[in-house]
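> Take this structure first; my questions come after.
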Amino acid sequence: MMNRAPWVVAACGLVSVGCSNGPSGPSGASGGDAGGLDGGTSTGGPSLVGTWDLMTTQMGDTSSVTTTVTIGQDSLTVMSPGFNLTATRTGSALTFTDEQTLSEPNNNVVLTATQTAAAFNTGILPFNLGGSWTMQIVPAGQTTVMTCTLTVSSTEIDGACQKVTQDGFDFHFTTAKMTAAASSLGDFGGTWMNTWTSGADGGAYPCQLDFTGNGLTTCAGGAMNGEITGTPLSGITFTYDGANTVSGVAQGWAEYSATRR
Amino acid sequence: MSRRSVAAAIGCDLALVGLFGLMACSTRPKAAASRAPFLSVLQREAAADVRATVPPGSVAVALGGLPPDELPRLRVHLAESMDGALRLAAPEVFDLDGRTGGGAGADPVPKALLDLPALTAAANLLGSPWEGPGISVHLGPVCEAAASRCTPLFAQDGPAADSMVRRGRALAWALANAALLRVLASAREGLLHALREAQLRPSGTLAMVFASTRGALDVAELGLLRAEARRELSQLALDSPLRPLLEALDAARADWELPIALDADQVLVIPRLSALARLQEFASEVESAGRFEWVARPGGASTGGAGGR
């Protein structure tokens, strides 16, 4: 986790700013038009579909790691020195495969998700996210260790996971939009209040998320040594320059930048 | 990977997914003209694993590019951070009455990490040749004969640049996106003071500031920093991710030198890796620090104009 968090944030950031103009999932539920249900508007911007060289820094190591991120409509591939990750969509089903240790498929973890679509303008996001989701997380050679639910609307994004076996864990979060703002991310645009509740310690951790323009800033904080002690959403910044570069910070200290080939 | 880290990774992934000129460049190598240095971009066999290494001397360059006060401050922050980390790791030893419970108000990020942008930038600054998937980028006084592309280091390629040039400049990001300024002697001190204040802002865009090609750190202060690094290394687990940083600090030498030569009236400002998508903001932050003439202005604007307040 320690090594993965910065690029996960960066990869998600890459995805979040632009695989396409006007996402249209198979259900057609996501609107590609500017303007959200509560007044959020899309600032538009060029597509970010393509192959990106992502550089990330790591704790205690001032050198950087280069990861290749390939983004397509409804697809994402991440190839890093330590792991590979692939997300593909077929119909209403999303498959997310995390090859945690290269050449050791026994360590793979697969997340499968099924969507019941509803309206949500993701702006330039390539994924049809709106509606409700059910998910199962299955490590290779095992049965389901966790089940999750996620609901995405223009005013509320909530999720919860429950462990099925001792290899899983519990958490849930709520995210309420407080004010809308213009953003290349459509209905994401604005200020949200996320409250992350950990099943491990029962603590509730609020975190404000600000999506505006081509950027994202979350509450202050971060993680040390890969150990998340509060909300995993703290200490994230993300900026897209509107052309071929994205950059920001993850975990409050780890820097990243990506350039499109 | 531990069960917790697997679970945390999945949780984080779920949460995040859920929420969310070629004018200066030729396509063939050419002889160096008047704008050395150059970046030569060479094609090479694609490598699956591309990992930069920390060049020797990068810690000294980082500290040389930070305000002079930062060297003793780093030592203090290092000591405080390590004590904090130990307390977090073993709270029962420190009788903290539950104050380290990881609550929302806890700040687990050590202050010493505030200097990481400079350390990261310095590692890249000295990293020639830079290696990426399928390409290698070399800094030199002339274009290399084997280069597929060659571009002046301080060219303004802009967003429409050839893909290989763009990738090459991204690999050499610290120098390729640097601001190069020409400063009158009368304005120099004030400008440097303002730039060094700006580079310590947590949300700022500046990583390092150089007013000369080479220099030397305060040997006594460096000795204290190295001693602190050694002390903490002795207390740290062998597999701690902080060890490489502390070992690099312990091995730091006093002398530093940039890979390019600055004129006596020039100042070089290096951006943070995290600011590469905010180069206009970087240029504005530099511009607001004082009066100077742009030699190279990152972010696509033309060079040669006057900057500053």
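Identifiers in this document derive from the order of the structure tokens: chains are assigned A, B, ..., residues are numbered from 1 separately in each chain, and ligands are numbered from 1 in order of occurrence.
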List the neighbours of Val209 in chain B out to 10 Å using only C-alpha atoms; skip same-chain residues closer than 4 positions along the sequence, and give me the result as number ranges by chain.
B: 62, 64-67, 118, 178-179, 192, 195-196, 199, 267-271
> Counting only C-alpha atoms, what is within 8 Å of Gly235 in chain A, bar same-chain residues fewer than 4 positions away, as a list in words?
Thr217, Thr218, Cys219, Ala220, Gly221, Gly222, Val249, Ala250, Gln251, Gly252 and Trp253 of chain A
> Work out how far CA of Trp52 in chain A is from CA of Glu104 in chain A, in Å to one decimal.
25.3 Å
> Would you pick out the contacts of Ala87 in chain A at 10 Å or less, using only C-alpha atoms, so that residues sharing its chain but fewer than 2 positions from it are not included, and give the list as a VMD selection string?
chain A and resid 71 74 to 78 85 89 94 to 98 110 to 112
> Which of range 27-239 of chain A counts as helix (DSSP H, G or I) under DSSP, as a ChimeraX atom specification please?
/A:105-107,186-188
> Could you name the residues that touch range 137-140 of chain B at 7 Å or less, counting only C-alpha atoms, but leaving out those on the same chain fewer than 6 positions away, as a VMD selection string?
chain B and resid 37 to 42 128 to 131 168
> May I have the residues from that selection written out with C-alpha atoms, as an mmCIF file, in the first residue's frame?

data_model
loop_
_atom_site.group_PDB
_atom_site.id
_atom_site.type_symbol
_atom_site.label_atom_id
_atom_site.label_comp_id
_atom_site.auth_asym_id
_atom_site.auth_seq_id
_atom_site.Cartn_x
_atom_site.Cartn_y
_atom_site.Cartn_z
ATOM 1 C CA PRO B 37 23.037 22.856 -23.282
ATOM 2 C CA PHE B 38 20.865 20.370 -25.136
ATOM 3 C CA LEU B 39 18.685 17.412 -24.322
ATOM 4 C CA SER B 40 19.287 14.478 -26.654
ATOM 5 C CA VAL B 41 16.428 11.989 -26.749
ATOM 6 C CA LEU B 42 17.457 8.486 -27.769
ATOM 7 C CA SER B 128 21.329 12.449 -16.618
ATOM 8 C CA PRO B 129 20.964 10.185 -18.461
ATOM 9 C CA TRP B 130 17.305 9.929 -17.579
ATOM 10 C CA GLU B 131 15.714 6.619 -18.489
ATOM 11 C CA GLY B 168 12.140 13.556 -22.906
#
> Quick one: residues within 12 Å of Arg166 in chain B, only C-alpha atoms counted, chain neighbours fewer than 3 positions away excluded, as a VMD selection string?
(chain A and resid 52 to 53 243 to 245 258 to 261) or (chain B and resid 21 to 22 25 39 to 41 135 137 149 to 151 153 155 to 163 169 to 173 176 to 177)
> Rank nothing, just name the residue among B:Ser186, B:Ser274, B:Gln43, B:Ser136 nearest to chain A, using only C-alpha atoms.
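For chain A, the nearest of the candidates is B:Ser274.
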> From the options B:Leu262, B:Leu78, B:Thr213, B:Ser203, which residue's atoms come nearest to Arg278 in chain B, counting only C-alpha atoms?
B:Ser203
> Which of these, B:Ser81, B:Thr120, B:Ser240, B:Ser148, has the shortest distance to chain A once you count only C-alpha atoms?
B:Thr120
> Near Met193 in chain A, counting only C-alpha atoms, which residues have an atom at most 7 Å away, once you skip same-chain residues fewer than 6 positions from it, shown as a PDB file with C-alpha atoms, in the first residue's frame?

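Listing of result-v9.pdb after writing:
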ATOM      1  CA  THR A 175     -20.161  12.154   0.975  1.00  0.00           C
ATOM      2  CA  ALA A 176     -22.573  15.051   0.760  1.00  0.00           C
ATOM      3  CA  LYS A 177     -22.243  17.931  -1.660  1.00  0.00           C
ATOM      4  CA  MET A 178     -22.336  21.246   0.139  1.00  0.00           C
ATOM      5  CA  PRO A 206     -14.397  13.994   8.125  1.00  0.00           C
ATOM      6  CA  CYS A 207     -12.607  15.316   5.069  1.00  0.00           C
ATOM      7  CA  GLN A 208     -13.590  18.153   2.767  1.00  0.00           C
ATOM      8  CA  LEU A 209     -13.110  17.581  -0.957  1.00  0.00           C
TER       9      LEU A 209
END
> Take CA of Thr56 in chain A and CA of Ala174 in chain B and report the distance between them in Å, one decimal.
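Computing it gives 13.9 Å between the two atoms.
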> Excluding Leu180 in chain B and residues on its chain fewer than 4 positions from it, collect all residues at most 10 Å away from it, counting only C-alpha atoms, and give them as a list of chain:residue names.
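Using only C-alpha atoms, the neighbours found are B:Phe154, B:Leu175, B:Phe210, B:Leu262, B:Gln266, B:Val267, B:Leu268, B:Val269, B:Ile270, B:Phe292, B:Glu293, B:Trp294, B:Val295, B:Ala296, B:Arg297, B:Pro298, B:Thr303.
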> For chain B, which residue out of A:Val65, A:Ala113, A:Ile236, A:Ala180 is the nearest one, using only C-alpha atoms?
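Distance minimum relative to chain B lands on A:Val65.
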> Rounded to one decimal, what separation in Å do you get between CA of Asn107 in chain A and CA of Gly141 in chain A?
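Distance reported for this atom pair: 8.8 Å.
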> Find the residue from A:Asp201, A:Asp210, A:Asp241, A:Glu156 that sits nearest to Ser183 in chain A; use only C-alpha atoms when measuring.
A:Asp210
> Would you mind telling me which residue in A:Ser154, A:Thr57, A:Gln142, A:Thr147 lies nearest to chain B when using only C-alpha atoms?
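Among A:Ser154, A:Thr57, A:Gln142, A:Thr147, it is A:Thr57 that comes nearest to chain B.
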> Please, which residues of range 142-177 of chain A, numbered as in this document, come out strand (DSSP E or B) from DSSP, as a short mmCIF file (atom, residue, chain, number, x, y, z; two decimals) with N, CA and C atoms, in the first residue's frame?

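As a result, result_29.cif now contains:
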data_model
loop_
_atom_site.label_atom_id
_atom_site.label_comp_id
_atom_site.auth_asym_id
_atom_site.auth_seq_id
_atom_site.Cartn_x
_atom_site.Cartn_y
_atom_site.Cartn_z
N MET A 146 -14.85 -9.80 0.89
CA MET A 146 -15.57 -8.57 1.23
C MET A 146 -16.68 -8.36 0.23
N THR A 147 -17.76 -7.76 0.68
CA THR A 147 -18.79 -7.27 -0.23
C THR A 147 -18.99 -5.79 0.04
N CYS A 148 -19.32 -5.05 -1.03
CA CYS A 148 -19.44 -3.61 -0.90
C CYS A 148 -20.65 -3.11 -1.67
N THR A 149 -21.10 -1.93 -1.27
CA THR A 149 -22.11 -1.20 -2.03
C THR A 149 -21.63 0.23 -2.22
N LEU A 150 -22.08 0.83 -3.32
CA LEU A 150 -21.72 2.22 -3.61
C LEU A 150 -22.90 2.86 -4.34
N THR A 151 -23.26 4.05 -3.90
CA THR A 151 -24.29 4.80 -4.63
C THR A 151 -23.70 6.16 -5.01
N VAL A 152 -23.95 6.55 -6.26
CA VAL A 152 -23.37 7.78 -6.79
C VAL A 152 -24.48 8.64 -7.38
N GLU A 156 -24.98 13.14 -3.45
CA GLU A 156 -24.56 12.23 -2.38
C GLU A 156 -23.81 11.04 -2.97
N ILE A 157 -22.69 10.71 -2.39
CA ILE A 157 -21.94 9.52 -2.77
C ILE A 157 -21.62 8.75 -1.50
N ASP A 158 -22.17 7.57 -1.39
CA ASP A 158 -22.00 6.78 -0.17
C ASP A 158 -21.50 5.39 -0.52
N GLY A 159 -20.75 4.82 0.39
CA GLY A 159 -20.25 3.47 0.17
C GLY A 159 -20.07 2.73 1.47
N ALA A 160 -20.08 1.41 1.39
CA ALA A 160 -19.88 0.59 2.59
C ALA A 160 -19.31 -0.76 2.18
N CYS A 161 -18.41 -1.27 2.99
CA CYS A 161 -17.87 -2.62 2.76
C CYS A 161 -17.97 -3.43 4.05
N GLN A 162 -18.29 -4.69 3.88
CA GLN A 162 -18.36 -5.59 5.04
C GLN A 162 -17.47 -6.80 4.76
N LYS A 163 -16.76 -7.19 5.77
CA LYS A 163 -15.93 -8.38 5.58
C LYS A 163 -16.79 -9.62 5.63
N PHE A 171 -15.70 -0.92 6.57
CA PHE A 171 -15.66 0.55 6.61
C PHE A 171 -16.89 1.06 5.87
N HIS A 172 -17.22 2.30 6.11
CA HIS A 172 -18.23 2.93 5.27
C HIS A 172 -17.97 4.42 5.21
N PHE A 173 -18.53 5.06 4.21
CA PHE A 173 -18.35 6.51 4.10
C PHE A 173 -19.61 7.14 3.51
N THR A 174 -19.80 8.39 3.87
CA THR A 174 -20.85 9.21 3.27
C THR A 174 -20.18 10.45 2.69
N THR A 175 -20.73 10.96 1.60
CA THR A 175 -20.16 12.15 0.98
C THR A 175 -21.31 13.03 0.48
N ALA A 176 -21.46 14.17 1.11
CA ALA A 176 -22.57 15.05 0.76
C ALA A 176 -22.04 16.31 0.10
N LYS A 177 -22.67 16.69 -1.00
CA LYS A 177 -22.24 17.93 -1.66
C LYS A 177 -22.80 19.12 -0.89
#
